[in-house]
file final33.pdb (PDB, C-alpha atoms, pLDDT in the B column)
ATOM      1  CA  MET R   1     -67.093 -61.626 -31.254  1.00 59.00           C
ATOM      2  CA  ALA R   2     -70.853 -61.546 -31.753  1.00 76.00           C
ATOM      3  CA  VAL R   3     -72.875 -62.861 -28.839  1.00 86.00           C
ATOM      4  CA  GLU R   4     -74.916 -65.904 -29.833  1.00 88.00           C
ATOM      5  CA  VAL R   5     -78.134 -66.411 -27.850  1.00 92.00           C
ATOM      6  CA  LYS R   6     -77.966 -70.110 -28.766  1.00 92.00           C
ATOM      7  CA  GLU R   7     -74.554 -70.408 -27.098  1.00 93.00           C
ATOM      8  CA  LEU R   8     -75.830 -68.673 -23.974  1.00 93.00           C
ATOM      9  CA  LEU R   9     -78.765 -71.092 -23.886  1.00 90.00           C
ATOM     10  CA  GLU R  10     -76.494 -74.138 -24.232  1.00 92.00           C
ATOM     11  CA  ALA R  11     -74.315 -72.848 -21.367  1.00 92.00           C
ATOM     12  CA  GLY R  12     -77.391 -72.528 -19.095  1.00 86.00           C
ATOM     13  CA  VAL R  13     -76.966 -68.764 -18.693  1.00 92.00           C
ATOM     14  CA  HIS R  14     -80.787 -68.410 -18.522  1.00 89.00           C
ATOM     15  CA  PHE R  15     -81.332 -70.336 -15.283  1.00 86.00           C
ATOM     16  CA  GLY R  16     -82.096 -67.924 -12.450  1.00 86.00           C
ATOM     17  CA  HIS R  17     -82.891 -68.676  -8.809  1.00 88.00           C
ATOM     18  CA  LEU R  18     -86.051 -69.969  -7.184  1.00 88.00           C
ATOM     19  CA  THR R  19     -88.850 -67.440  -7.615  1.00 84.00           C
ATOM     20  CA  ARG R  20     -89.206 -66.966  -3.860  1.00 84.00           C
ATOM     21  CA  LYS R  21     -85.551 -65.886  -3.662  1.00 84.00           C
ATOM     22  CA  TRP R  22     -85.742 -63.258  -6.355  1.00 88.00           C
ATOM     23  CA  ASP R  23     -85.003 -59.539  -6.177  1.00 90.00           C
ATOM     24  CA  PRO R  24     -87.918 -57.614  -7.769  1.00 91.00           C
ATOM     25  CA  ASN R  25     -85.428 -55.148  -9.295  1.00 94.00           C
ATOM     26  CA  MET R  26     -84.401 -57.947 -11.671  1.00 93.00           C
ATOM     27  CA  ALA R  27     -87.942 -58.003 -13.155  1.00 93.00           C
ATOM     28  CA  PRO R  28     -86.902 -56.277 -16.436  1.00 94.00           C
ATOM     29  CA  TYR R  29     -84.479 -59.128 -17.162  1.00 93.00           C
ATOM     30  CA  VAL R  30     -86.800 -62.028 -16.310  1.00 92.00           C
ATOM     31  CA  TYR R  31     -88.425 -63.760 -19.273  1.00 92.00           C
ATOM     32  CA  MET R  32     -90.726 -66.185 -17.442  1.00 90.00           C
ATOM     33  CA  GLU R  33     -91.112 -68.579 -14.550  1.00 88.00           C
ATOM     34  CA  ARG R  34     -90.702 -72.309 -15.049  1.00 90.00           C
ATOM     35  CA  ASN R  35     -91.044 -74.960 -12.308  1.00 88.00           C
ATOM     36  CA  GLY R  36     -90.592 -72.365  -9.600  1.00 90.00           C
ATOM     37  CA  ILE R  37     -87.421 -70.957 -11.183  1.00 91.00           C
ATOM     38  CA  HIS R  38     -87.001 -67.623 -12.928  1.00 93.00           C
ATOM     39  CA  ILE R  39     -85.760 -67.779 -16.498  1.00 93.00           C
ATOM     40  CA  ILE R  40     -83.548 -64.896 -17.644  1.00 93.00           C
ATOM     41  CA  ASN R  41     -84.265 -63.183 -20.974  1.00 93.00           C
ATOM     42  CA  LEU R  42     -81.162 -64.100 -23.008  1.00 94.00           C
ATOM     43  CA  TYR R  43     -81.799 -61.467 -25.682  1.00 94.00           C
ATOM     44  CA  LYS R  44     -81.352 -58.870 -22.963  1.00 94.00           C
ATOM     45  CA  THR R  45     -78.270 -60.700 -21.684  1.00 95.00           C
ATOM     46  CA  ALA R  46     -76.732 -60.656 -25.183  1.00 95.00           C
ATOM     47  CA  ALA R  47     -77.389 -56.918 -25.549  1.00 95.00           C
ATOM     48  CA  LYS R  48     -75.893 -56.240 -22.120  1.00 95.00           C
ATOM     49  CA  ILE R  49     -72.771 -58.308 -22.899  1.00 95.00           C
ATOM     50  CA  ASP R  50     -72.246 -56.162 -26.020  1.00 95.00           C
ATOM     51  CA  GLU R  51     -72.708 -52.962 -24.029  1.00 96.00           C
ATOM     52  CA  ALA R  52     -70.332 -54.082 -21.244  1.00 96.00           C
ATOM     53  CA  GLY R  53     -67.804 -55.389 -23.782  1.00 96.00           C
ATOM     54  CA  GLU R  54     -67.624 -52.037 -25.572  1.00 96.00           C
ATOM     55  CA  ALA R  55     -67.079 -50.138 -22.321  1.00 97.00           C
ATOM     56  CA  LEU R  56     -64.447 -52.624 -21.078  1.00 97.00           C
ATOM     57  CA  ALA R  57     -62.582 -52.467 -24.398  1.00 96.00           C
ATOM     58  CA  LYS R  58     -62.379 -48.658 -24.048  1.00 96.00           C
ATOM     59  CA  ILE R  59     -61.025 -48.934 -20.494  1.00 96.00           C
ATOM     60  CA  ALA R  60     -58.411 -51.483 -21.613  1.00 95.00           C
ATOM     61  CA  ALA R  61     -57.473 -49.332 -24.637  1.00 95.00           C
ATOM     62  CA  SER R  62     -56.879 -46.378 -22.292  1.00 94.00           C
ATOM     63  CA  GLY R  63     -54.243 -48.435 -20.448  1.00 93.00           C
ATOM     64  CA  ARG R  64     -56.112 -48.911 -17.188  1.00 94.00           C
ATOM     65  CA  LYS R  65     -56.480 -52.248 -15.418  1.00 95.00           C
ATOM     66  CA  ILE R  66     -59.726 -54.155 -14.872  1.00 96.00           C
ATOM     67  CA  LEU R  67     -59.809 -56.048 -11.584  1.00 96.00           C
ATOM     68  CA  PHE R  68     -61.734 -59.340 -11.747  1.00 96.00           C
ATOM     69  CA  VAL R  69     -63.326 -60.538  -8.504  1.00 96.00           C
ATOM     70  CA  ALA R  70     -64.758 -64.015  -7.905  1.00 95.00           C
ATOM     71  CA  THR R  71     -64.176 -66.008  -4.725  1.00 94.00           C
ATOM     72  CA  LYS R  72     -66.898 -68.668  -5.118  1.00 94.00           C
ATOM     73  CA  LYS R  73     -65.663 -72.183  -5.776  1.00 94.00           C
ATOM     74  CA  GLN R  74     -67.176 -72.661  -9.233  1.00 94.00           C
ATOM     75  CA  ALA R  75     -65.823 -69.322 -10.531  1.00 95.00           C
ATOM     76  CA  LYS R  76     -62.300 -69.109  -9.041  1.00 94.00           C
ATOM     77  CA  ASP R  77     -60.343 -71.182 -11.547  1.00 94.00           C
ATOM     78  CA  ILE R  78     -62.223 -69.806 -14.550  1.00 96.00           C
ATOM     79  CA  VAL R  79     -61.587 -66.198 -13.508  1.00 95.00           C
ATOM     80  CA  ALA R  80     -57.918 -66.858 -12.692  1.00 93.00           C
ATOM     81  CA  GLU R  81     -57.394 -68.451 -16.106  1.00 95.00           C
ATOM     82  CA  LYS R  82     -59.371 -65.931 -18.193  1.00 95.00           C
ATOM     83  CA  ALA R  83     -58.121 -62.779 -16.424  1.00 94.00           C
ATOM     84  CA  GLY R  84     -54.583 -64.173 -16.383  1.00 93.00           C
ATOM     85  CA  SER R  85     -54.695 -64.777 -20.145  1.00 94.00           C
ATOM     86  CA  ILE R  86     -55.246 -61.049 -20.800  1.00 94.00           C
ATOM     87  CA  ASN R  87     -52.816 -59.951 -18.076  1.00 92.00           C
ATOM     88  CA  MET R  88     -55.449 -58.432 -15.823  1.00 94.00           C
ATOM     89  CA  PRO R  89     -55.369 -58.605 -11.999  1.00 93.00           C
ATOM     90  CA  TYR R  90     -57.845 -60.827 -10.157  1.00 93.00           C
ATOM     91  CA  ILE R  91     -58.927 -61.739  -6.637  1.00 93.00           C
ATOM     92  CA  THR R  92     -60.062 -65.343  -6.224  1.00 92.00           C
ATOM     93  CA  GLU R  93     -59.244 -65.882  -2.565  1.00 88.00           C
ATOM     94  CA  ARG R  94     -60.833 -63.835   0.202  1.00 88.00           C
ATOM     95  CA  TRP R  95     -61.348 -60.158  -0.707  1.00 90.00           C
ATOM     96  CA  PRO R  96     -58.741 -58.220   1.310  1.00 85.00           C
ATOM     97  CA  GLY R  97     -60.802 -55.590   3.155  1.00 86.00           C
ATOM     98  CA  GLY R  98     -59.655 -52.116   2.120  1.00 89.00           C
ATOM     99  CA  MET R  99     -58.242 -53.492  -1.127  1.00 91.00           C
ATOM    100  CA  LEU R 100     -59.500 -50.329  -2.864  1.00 94.00           C
ATOM    101  CA  THR R 101     -60.349 -47.877  -0.082  1.00 94.00           C
ATOM    102  CA  ASN R 102     -57.041 -48.501   1.669  1.00 93.00           C
ATOM    103  CA  PHE R 103     -54.938 -49.153  -1.406  1.00 92.00           C
ATOM    104  CA  VAL R 104     -51.788 -47.670   0.149  1.00 91.00           C
ATOM    105  CA  THR R 105     -51.703 -50.398   2.802  1.00 88.00           C
ATOM    106  CA  ILE R 106     -52.261 -53.098   0.183  1.00 88.00           C
ATOM    107  CA  ARG R 107     -49.382 -51.667  -1.865  1.00 89.00           C
ATOM    108  CA  LYS R 108     -47.171 -51.922   1.245  1.00 90.00           C
ATOM    109  CA  ALA R 109     -47.998 -55.628   1.540  1.00 88.00           C
ATOM    110  CA  VAL R 110     -47.164 -56.115  -2.144  1.00 86.00           C
ATOM    111  CA  LYS R 111     -43.836 -54.307  -1.629  1.00 88.00           C
ATOM    112  CA  LYS R 112     -43.135 -56.587   1.341  1.00 89.00           C
ATOM    113  CA  MET R 113     -43.634 -59.548  -1.001  1.00 87.00           C
ATOM    114  CA  ALA R 114     -41.194 -58.030  -3.506  1.00 86.00           C
ATOM    115  CA  SER R 115     -38.601 -57.409  -0.785  1.00 90.00           C
ATOM    116  CA  ILE R 116     -38.796 -61.062   0.333  1.00 90.00           C
ATOM    117  CA  ASP R 117     -38.197 -62.082  -3.288  1.00 88.00           C
ATOM    118  CA  ARG R 118     -35.170 -59.770  -3.428  1.00 91.00           C
ATOM    119  CA  MET R 119     -33.792 -61.304  -0.215  1.00 91.00           C
ATOM    120  CA  LYS R 120     -34.007 -64.730  -1.819  1.00 89.00           C
ATOM    121  CA  LYS R 121     -32.239 -63.531  -4.956  1.00 90.00           C
ATOM    122  CA  ASP R 122     -29.372 -61.654  -3.294  1.00 91.00           C
ATOM    123  CA  GLY R 123     -28.646 -64.324  -0.682  1.00 88.00           C
ATOM    124  CA  THR R 124     -29.767 -62.355   2.404  1.00 90.00           C
ATOM    125  CA  PHE R 125     -32.422 -65.003   2.988  1.00 89.00           C
ATOM    126  CA  ASN R 126     -29.798 -67.680   3.533  1.00 89.00           C
ATOM    127  CA  THR R 127     -28.168 -65.684   6.354  1.00 91.00           C
ATOM    128  CA  LEU R 128     -31.344 -65.963   8.450  1.00 91.00           C
ATOM    129  CA  SER R 129     -31.842 -68.669  11.056  1.00 92.00           C
ATOM    130  CA  LYS R 130     -33.925 -71.688  10.139  1.00 91.00           C
ATOM    131  CA  LYS R 131     -36.834 -70.398  12.240  1.00 93.00           C
ATOM    132  CA  GLU R 132     -36.721 -66.942  10.637  1.00 92.00           C
ATOM    133  CA  ARG R 133     -36.591 -68.461   7.155  1.00 92.00           C
ATOM    134  CA  LEU R 134     -39.681 -70.490   7.952  1.00 94.00           C
ATOM    135  CA  GLN R 135     -41.524 -67.389   9.185  1.00 93.00           C
ATOM    136  CA  VAL R 136     -40.573 -65.398   6.089  1.00 92.00           C
ATOM    137  CA  ASP R 137     -41.659 -68.268   3.822  1.00 92.00           C
ATOM    138  CA  ARG R 138     -45.005 -68.498   5.599  1.00 93.00           C
ATOM    139  CA  LEU R 139     -45.553 -64.752   5.264  1.00 90.00           C
ATOM    140  CA  ARG R 140     -44.621 -64.886   1.554  1.00 89.00           C
ATOM    141  CA  ALA R 141     -47.071 -67.754   0.954  1.00 89.00           C
ATOM    142  CA  LYS R 142     -49.847 -65.914   2.767  1.00 87.00           C
ATOM    143  CA  LEU R 143     -49.250 -62.708   0.808  1.00 85.00           C
ATOM    144  CA  GLU R 144     -49.083 -64.663  -2.449  1.00 83.00           C
ATOM    145  CA  LYS R 145     -52.383 -66.376  -1.720  1.00 81.00           C
ATOM    146  CA  ASN R 146     -54.193 -63.118  -0.980  1.00 79.00           C
ATOM    147  CA  LEU R 147     -52.427 -60.692  -3.286  1.00 80.00           C
ATOM    148  CA  GLY R 148     -50.649 -62.793  -5.899  1.00 71.00           C
ATOM    149  CA  SER R 149     -52.277 -61.549  -9.052  1.00 80.00           C
ATOM    150  CA  ILE R 150     -52.494 -57.908  -8.004  1.00 85.00           C
ATOM    151  CA  SER R 151     -48.776 -57.504  -7.356  1.00 81.00           C
ATOM    152  CA  ASP R 152     -48.404 -55.602 -10.659  1.00 78.00           C
ATOM    153  CA  MET R 153     -51.262 -53.233  -9.871  1.00 85.00           C
ATOM    154  CA  THR R 154     -49.546 -49.936  -9.084  1.00 85.00           C
ATOM    155  CA  ARG R 155     -52.711 -47.815  -9.055  1.00 90.00           C
ATOM    156  CA  LEU R 156     -56.432 -48.252  -8.526  1.00 94.00           C
ATOM    157  CA  PRO R 157     -58.190 -50.212 -11.278  1.00 95.00           C
ATOM    158  CA  GLY R 158     -60.220 -48.492 -14.000  1.00 96.00           C
ATOM    159  CA  ALA R 159     -63.080 -50.941 -13.404  1.00 97.00           C
ATOM    160  CA  LEU R 160     -64.199 -53.959 -11.409  1.00 97.00           C
ATOM    161  CA  PHE R 161     -65.686 -57.110 -12.936  1.00 97.00           C
ATOM    162  CA  VAL R 162     -67.573 -59.181 -10.368  1.00 97.00           C
ATOM    163  CA  VAL R 163     -69.121 -62.657 -10.412  1.00 96.00           C
ATOM    164  CA  ASP R 164     -71.902 -62.801  -7.778  1.00 94.00           C
ATOM    165  CA  ILE R 165     -72.458 -59.334  -6.314  1.00 96.00           C
ATOM    166  CA  LYS R 166     -74.179 -60.727  -3.212  1.00 94.00           C
ATOM    167  CA  ARG R 167     -71.099 -62.678  -2.219  1.00 95.00           C
ATOM    168  CA  GLU R 168     -68.672 -59.881  -3.144  1.00 96.00           C
ATOM    169  CA  HIS R 169     -70.675 -57.119  -1.431  1.00 96.00           C
ATOM    170  CA  ILE R 170     -67.579 -55.671   0.303  1.00 96.00           C
ATOM    171  CA  ALA R 171     -65.783 -55.245  -3.019  1.00 96.00           C
ATOM    172  CA  ILE R 172     -68.924 -53.616  -4.481  1.00 97.00           C
ATOM    173  CA  LYS R 173     -69.163 -51.155  -1.559  1.00 97.00           C
ATOM    174  CA  GLU R 174     -65.505 -50.143  -1.864  1.00 97.00           C
ATOM    175  CA  ALA R 175     -65.776 -49.571  -5.613  1.00 97.00           C
ATOM    176  CA  GLN R 176     -68.951 -47.500  -5.116  1.00 97.00           C
ATOM    177  CA  LYS R 177     -67.180 -45.304  -2.555  1.00 96.00           C
ATOM    178  CA  LEU R 178     -64.411 -44.533  -5.028  1.00 96.00           C
ATOM    179  CA  ASN R 179     -66.692 -44.222  -8.086  1.00 96.00           C
ATOM    180  CA  ILE R 180     -64.955 -47.118  -9.831  1.00 97.00           C
ATOM    181  CA  PRO R 181     -67.335 -48.489 -12.523  1.00 97.00           C
ATOM    182  CA  ILE R 182     -68.695 -51.940 -11.650  1.00 98.00           C
ATOM    183  CA  PHE R 183     -69.362 -54.598 -14.276  1.00 98.00           C
ATOM    184  CA  ALA R 184     -70.996 -57.801 -13.049  1.00 97.00           C
ATOM    185  CA  MET R 185     -72.832 -61.021 -13.749  1.00 96.00           C
ATOM    186  CA  VAL R 186     -76.082 -60.449 -11.860  1.00 95.00           C
ATOM    187  CA  ASP R 187     -78.405 -63.346 -11.007  1.00 94.00           C
ATOM    188  CA  THR R 188     -82.148 -63.055 -10.262  1.00 93.00           C
ATOM    189  CA  ASN R 189     -81.535 -63.005  -6.481  1.00 93.00           C
ATOM    190  CA  SER R 190     -79.422 -59.820  -6.601  1.00 94.00           C
ATOM    191  CA  ASP R 191     -80.074 -56.081  -6.833  1.00 95.00           C
ATOM    192  CA  PRO R 192     -78.851 -54.795 -10.220  1.00 95.00           C
ATOM    193  CA  ARG R 193     -79.002 -51.172  -9.029  1.00 96.00           C
ATOM    194  CA  GLN R 194     -75.619 -51.661  -7.345  1.00 95.00           C
ATOM    195  CA  VAL R 195     -73.935 -52.235 -10.690  1.00 97.00           C
ATOM    196  CA  ASP R 196     -73.108 -49.838 -13.541  1.00 97.00           C
ATOM    197  CA  TYR R 197     -73.010 -52.509 -16.252  1.00 97.00           C
ATOM    198  CA  VAL R 198     -75.377 -55.390 -15.489  1.00 97.00           C
ATOM    199  CA  ILE R 199     -75.030 -58.729 -17.292  1.00 96.00           C
ATOM    200  CA  PRO R 200     -78.131 -60.706 -16.237  1.00 95.00           C
ATOM    201  CA  ALA R 201     -76.903 -64.288 -15.991  1.00 94.00           C
ATOM    202  CA  ASN R 202     -76.721 -67.484 -13.981  1.00 93.00           C
ATOM    203  CA  ASP R 203     -73.742 -66.836 -11.678  1.00 92.00           C
ATOM    204  CA  ASP R 204     -73.762 -70.297 -10.059  1.00 92.00           C
ATOM    205  CA  ALA R 205     -72.965 -72.699 -12.903  1.00 92.00           C
ATOM    206  CA  SER R 206     -69.374 -72.922 -14.094  1.00 94.00           C
ATOM    207  CA  LYS R 207     -70.478 -73.345 -17.752  1.00 95.00           C
ATOM    208  CA  SER R 208     -72.425 -70.090 -17.580  1.00 95.00           C
ATOM    209  CA  ILE R 209     -69.569 -68.230 -15.852  1.00 95.00           C
ATOM    210  CA  ASP R 210     -67.093 -69.576 -18.406  1.00 94.00           C
ATOM    211  CA  LYS R 211     -69.243 -68.465 -21.344  1.00 94.00           C
ATOM    212  CA  ILE R 212     -69.798 -64.909 -20.073  1.00 94.00           C
ATOM    213  CA  LEU R 213     -66.147 -64.491 -19.145  1.00 96.00           C
ATOM    214  CA  SER R 214     -65.048 -65.673 -22.595  1.00 95.00           C
ATOM    215  CA  TYR R 215     -67.051 -62.861 -24.190  1.00 95.00           C
ATOM    216  CA  VAL R 216     -65.854 -60.306 -21.641  1.00 95.00           C
ATOM    217  CA  THR R 217     -62.155 -61.166 -21.845  1.00 95.00           C
ATOM    218  CA  ASP R 218     -62.326 -61.244 -25.670  1.00 95.00           C
ATOM    219  CA  ALA R 219     -63.652 -57.686 -25.577  1.00 95.00           C
ATOM    220  CA  VAL R 220     -60.843 -56.615 -23.220  1.00 96.00           C
ATOM    221  CA  ALA R 221     -58.263 -58.336 -25.463  1.00 96.00           C
ATOM    222  CA  GLY R 222     -59.677 -56.302 -28.377  1.00 95.00           C
ATOM    223  CA  GLY R 223     -59.136 -53.079 -26.424  1.00 95.00           C
ATOM    224  CA  LEU R 224     -55.575 -54.106 -25.553  1.00 95.00           C
ATOM    225  CA  ALA R 225     -54.812 -54.912 -29.219  1.00 94.00           C
ATOM    226  CA  GLU R 226     -56.151 -51.482 -30.227  1.00 92.00           C
ATOM    227  CA  ARG R 227     -53.869 -49.824 -27.672  1.00 92.00           C
ATOM    228  CA  LYS R 228     -50.865 -51.782 -28.925  1.00 91.00           C
ATOM    229  CA  ALA R 229     -51.619 -50.878 -32.553  1.00 91.00           C
ATOM    230  CA  GLU R 230     -51.948 -47.178 -31.664  1.00 88.00           C
ATOM    231  CA  LYS R 231     -48.645 -47.248 -29.778  1.00 88.00           C
ATOM    232  CA  GLU R 232     -46.894 -48.925 -32.711  1.00 88.00           C
ATOM    233  CA  ALA R 233     -48.376 -46.438 -35.183  1.00 87.00           C
ATOM    234  CA  ALA R 234     -47.235 -43.514 -33.009  1.00 86.00           C
ATOM    235  CA  ALA R 235     -43.736 -44.991 -32.752  1.00 85.00           C
ATOM    236  CA  ALA R 236     -43.603 -45.485 -36.537  1.00 84.00           C
ATOM    237  CA  GLU R 237     -44.663 -41.860 -37.079  1.00 81.00           C
ATOM    238  CA  LYS R 238     -41.872 -40.679 -34.805  1.00 80.00           C
ATOM    239  CA  GLU R 239     -39.346 -42.725 -36.770  1.00 77.00           C
ATOM    240  CA  ALA R 240     -40.583 -41.556 -40.205  1.00 69.00           C
ATOM    241  CA  PRO R 241     -39.415 -37.897 -39.973  1.00 63.00           C
ATOM    242  CA  LYS R 242     -35.997 -39.062 -38.768  1.00 61.00           C
ATOM    243  CA  ALA R 243     -35.650 -41.269 -41.828  1.00 56.00           C
ATOM    244  CA  LYS R 244     -36.590 -38.344 -44.101  1.00 55.00           C
ATOM    245  CA  GLU R 245     -34.171 -35.943 -42.400  1.00 56.00           C
ATOM    246  CA  ALA R 246     -31.134 -38.194 -42.675  1.00 52.00           C
ATOM    247  CA  PRO R 247     -30.545 -38.058 -46.493  1.00 53.00           C
ATOM    248  CA  ALA R 248     -30.974 -34.253 -46.546  1.00 49.00           C
ATOM    249  CA  LYS R 249     -28.159 -33.825 -44.014  1.00 50.00           C
ATOM    250  CA  GLU R 250     -25.889 -36.051 -46.112  1.00 49.00           C
ATOM    251  CA  VAL R 251     -26.489 -33.908 -49.206  1.00 44.00           C
ATOM    252  CA  VAL R 252     -25.598 -30.746 -47.293  1.00 44.00           C
ATOM    253  CA  ALA R 253     -22.418 -32.392 -46.051  1.00 45.00           C
ATOM    254  CA  GLU R 254     -21.421 -33.338 -49.641  1.00 46.00           C
ATOM    255  CA  GLU R 255     -21.984 -29.770 -50.906  1.00 45.00           C
ATOM    256  CA  GLU R 256     -19.804 -28.350 -48.155  1.00 44.00           C
ATOM    257  CA  GLU R 257     -16.946 -30.576 -49.213  1.00 46.00           C
TER
END
call {"tool": "encode", "arguments": {"input": "final33.pdb", "output": "structure tokens"}}
result
Amino acid sequence: MAVEVKELLEAGVHFGHLTRKWDPNMAPYVYMERNGIHIINLYKTAAKIDEAGEALAKIAASGRKILFVATKKQAKDIVAEKAGSINMPYITERWPGGMLTNFVTIRKAVKKMASIDRMKKDGTFNTLSKKERLQVDRLRAKLEKNLGSISDMTRLPGALFVVDIKREHIAIKEAQKLNIPIFAMVDTNSDPRQVDYVIPANDDASKSIDKILSYVTDAVAGGLAERKAEKEAAAAEKEAPKAKEAPAKEVVAEEEE
């Protein structure tokens, strides 16, 4: 999906922050200043979306997960919907501290969630007192809220995609510690040096977030389709020799008779 500068413009991707709030490291991506606001160079944004998209497609094609992180109000629903549509994990509630650096503990919480679900299925849950049932339900709801979409994540993600790196600074720090590549929408008030793949963009407006995430998740979907096609081709190749061998064996059997 080619990135159209016109579409980015219509979605307001070019609106940065007030000039007095800017981070000078964003200078290469700033086109101009208008009415005290920095305007982002959308040609650079388009090029960076392409670059990030290619890298994300490769990660998805290799079978690793990309964890999407966005806890700000205007991004939460968009990220949940877009990441969910390509079956990728996401965090839209509070970032659970140690989510990456203390992954073992997080996995334990996820297993706890699974064991509660099992209790409900096999009837153990019903043997508990009313008070205990209430406590278990509360715990399950809390775990679901914080860890719902990452319950399928059995190992550390292959990459992180972040909306608003200032807000998600804890997630950024954890990924840096573990050398997990960081992809992010970076606004003019943030330091792009913290990110491996910078997409200079307005990270405050839902239209802008929606537009960038559409491009990003399309790229990931492309990588997933490539992986599926390769798997199917490999499976077909495995089947082909079997099909060829079968008639030969029959002929031998006939001759022996």
call {"tool": "resolve_selection", "arguments": {"input": "final33.pdb", "expression": "the PyMOL selection byres ((chain R and resi 42) around 8)", "output": "PyMOL selection string"}}
result
chain R and resi 5+8-9+13-14+40-41+43-46
call {"tool": "closest_residue", "arguments": {"input": "final33.pdb", "among": "R:Glu232, R:Glu7, R:Glu51, R:Glu33", "to": "Thr19 (chain R)", "atoms": "only C-alpha atoms"}}
result
R:Glu33
call {"tool": "resolve_selection", "arguments": {"input": "final33.pdb", "expression": "the PyMOL selection byres ((chain R and resi 211) around 10)", "output": "list in words"}}
result
Glu7, Leu8, Glu10, Ala11, Gly12, Val13, Ile78, Ser206, Lys207, Ser208, Ile209, Asp210, Ile212, Leu213, Ser214, Tyr215 and Val216 of chain R
call {"tool": "residues_around", "arguments": {"input": "final33.pdb", "residues": "Asp164 (chain R)", "least_positions_apart": "6", "cutoff": "8 Å", "atoms": "all atoms listed in the file", "output": "ChimeraX atom specification"}}
result
/R:70,184-187,203
call {"tool": "residues_around", "arguments": {"input": "final33.pdb", "residues": "Asn126 (chain R)", "least_positions_apart": "6", "cutoff": "12 Å", "atoms": "all atoms listed in the file", "output": "ChimeraX atom specification"}}
result
/R:116,118-120,132-134,136-137
call {"tool": "resolve_selection", "arguments": {"input": "final33.pdb", "expression": "the PyMOL selection byres ((chain R and resi 139-150) around 10)", "output": "ChimeraX atom specification"}}
result
/R:67,80,83-84,87-96,99,106-107,109-110,112-117,133-138,151-154
call {"tool": "write_last_selection", "arguments": {"input": "final33.pdb", "atoms": "C-alpha atoms", "output": "JSON list (two decimals), keeping the file's coordinate frame"}}
result
[["chain", "number", "residue", "atom", "x", "y", "z"],
["R", 67, "LEU", "CA", -59.81, -56.05, -11.58],
["R", 80, "ALA", "CA", -57.92, -66.86, -12.69],
["R", 83, "ALA", "CA", -58.12, -62.78, -16.42],
["R", 84, "GLY", "CA", -54.58, -64.17, -16.38],
["R", 87, "ASN", "CA", -52.82, -59.95, -18.08],
["R", 88, "MET", "CA", -55.45, -58.43, -15.82],
["R", 89, "PRO", "CA", -55.37, -58.60, -12.00],
["R", 90, "TYR", "CA", -57.84, -60.83, -10.16],
["R", 91, "ILE", "CA", -58.93, -61.74, -6.64],
["R", 92, "THR", "CA", -60.06, -65.34, -6.22],
["R", 93, "GLU", "CA", -59.24, -65.88, -2.56],
["R", 94, "ARG", "CA", -60.83, -63.84, 0.20],
["R", 95, "TRP", "CA", -61.35, -60.16, -0.71],
["R", 96, "PRO", "CA", -58.74, -58.22, 1.31],
["R", 99, "MET", "CA", -58.24, -53.49, -1.13],
["R", 106, "ILE", "CA", -52.26, -53.10, 0.18],
["R", 107, "ARG", "CA", -49.38, -51.67, -1.86],
["R", 109, "ALA", "CA", -48.00, -55.63, 1.54],
["R", 110, "VAL", "CA", -47.16, -56.12, -2.14],
["R", 112, "LYS", "CA", -43.14, -56.59, 1.34],
["R", 113, "MET", "CA", -43.63, -59.55, -1.00],
["R", 114, "ALA", "CA", -41.19, -58.03, -3.51],
["R", 115, "SER", "CA", -38.60, -57.41, -0.78],
["R", 116, "ILE", "CA", -38.80, -61.06, 0.33],
["R", 117, "ASP", "CA", -38.20, -62.08, -3.29],
["R", 133, "ARG", "CA", -36.59, -68.46, 7.16],
["R", 134, "LEU", "CA", -39.68, -70.49, 7.95],
["R", 135, "GLN", "CA", -41.52, -67.39, 9.18],
["R", 136, "VAL", "CA", -40.57, -65.40, 6.09],
["R", 137, "ASP", "CA", -41.66, -68.27, 3.82],
["R", 138, "ARG", "CA", -45.00, -68.50, 5.60],
["R", 151, "SER", "CA", -48.78, -57.50, -7.36],
["R", 152, "ASP", "CA", -48.40, -55.60, -10.66],
["R", 153, "MET", "CA", -51.26, -53.23, -9.87],
["R", 154, "THR", "CA", -49.55, -49.94, -9.08]]
call {"tool": "closest_residue", "arguments": {"input": "final33.pdb", "among": "R:Val104, R:Lys130, R:Leu18, R:Thr217", "to": "Glu81 (chain R)", "atoms": "only C-alpha atoms"}}
result
R:Thr217
call {"tool": "atom_distance", "arguments": {"input": "final33.pdb", "atom1": "CA of His38 (chain R)", "atom2": "CA of Asn189 (chain R)"}}
result
9.6 Å
call {"tool": "atom_distance", "arguments": {"input": "final33.pdb", "atom1": "CA of Ala159 (chain R)", "atom2": "CA of Ile180 (chain R)"}}
result
5.6 Å
call {"tool": "closest_atom_pairs", "arguments": {"input": "final33.pdb", "of": "region 48-86 of chain R", "to": "region 220-231 of chain R", "cutoff": "7 Å", "atoms": "only C-alpha atoms", "output": "JSON lines"}}
result
{"residue": "R:Leu56", "atom": "CA", "partner": "R:Val220", "partner_atom": "CA", "distance": 5.8}
{"residue": "R:Ala57", "atom": "CA", "partner": "R:Gly223", "partner_atom": "CA", "distance": 4.0}
{"residue": "R:Lys58", "atom": "CA", "partner": "R:Gly223", "partner_atom": "CA", "distance": 6.0}
{"residue": "R:Ala60", "atom": "CA", "partner": "R:Gly223", "partner_atom": "CA", "distance": 5.1}
{"residue": "R:Ala61", "atom": "CA", "partner": "R:Gly223", "partner_atom": "CA", "distance": 4.5}
{"residue": "R:Ile86", "atom": "CA", "partner": "R:Ala221", "partner_atom": "CA", "distance": 6.2}
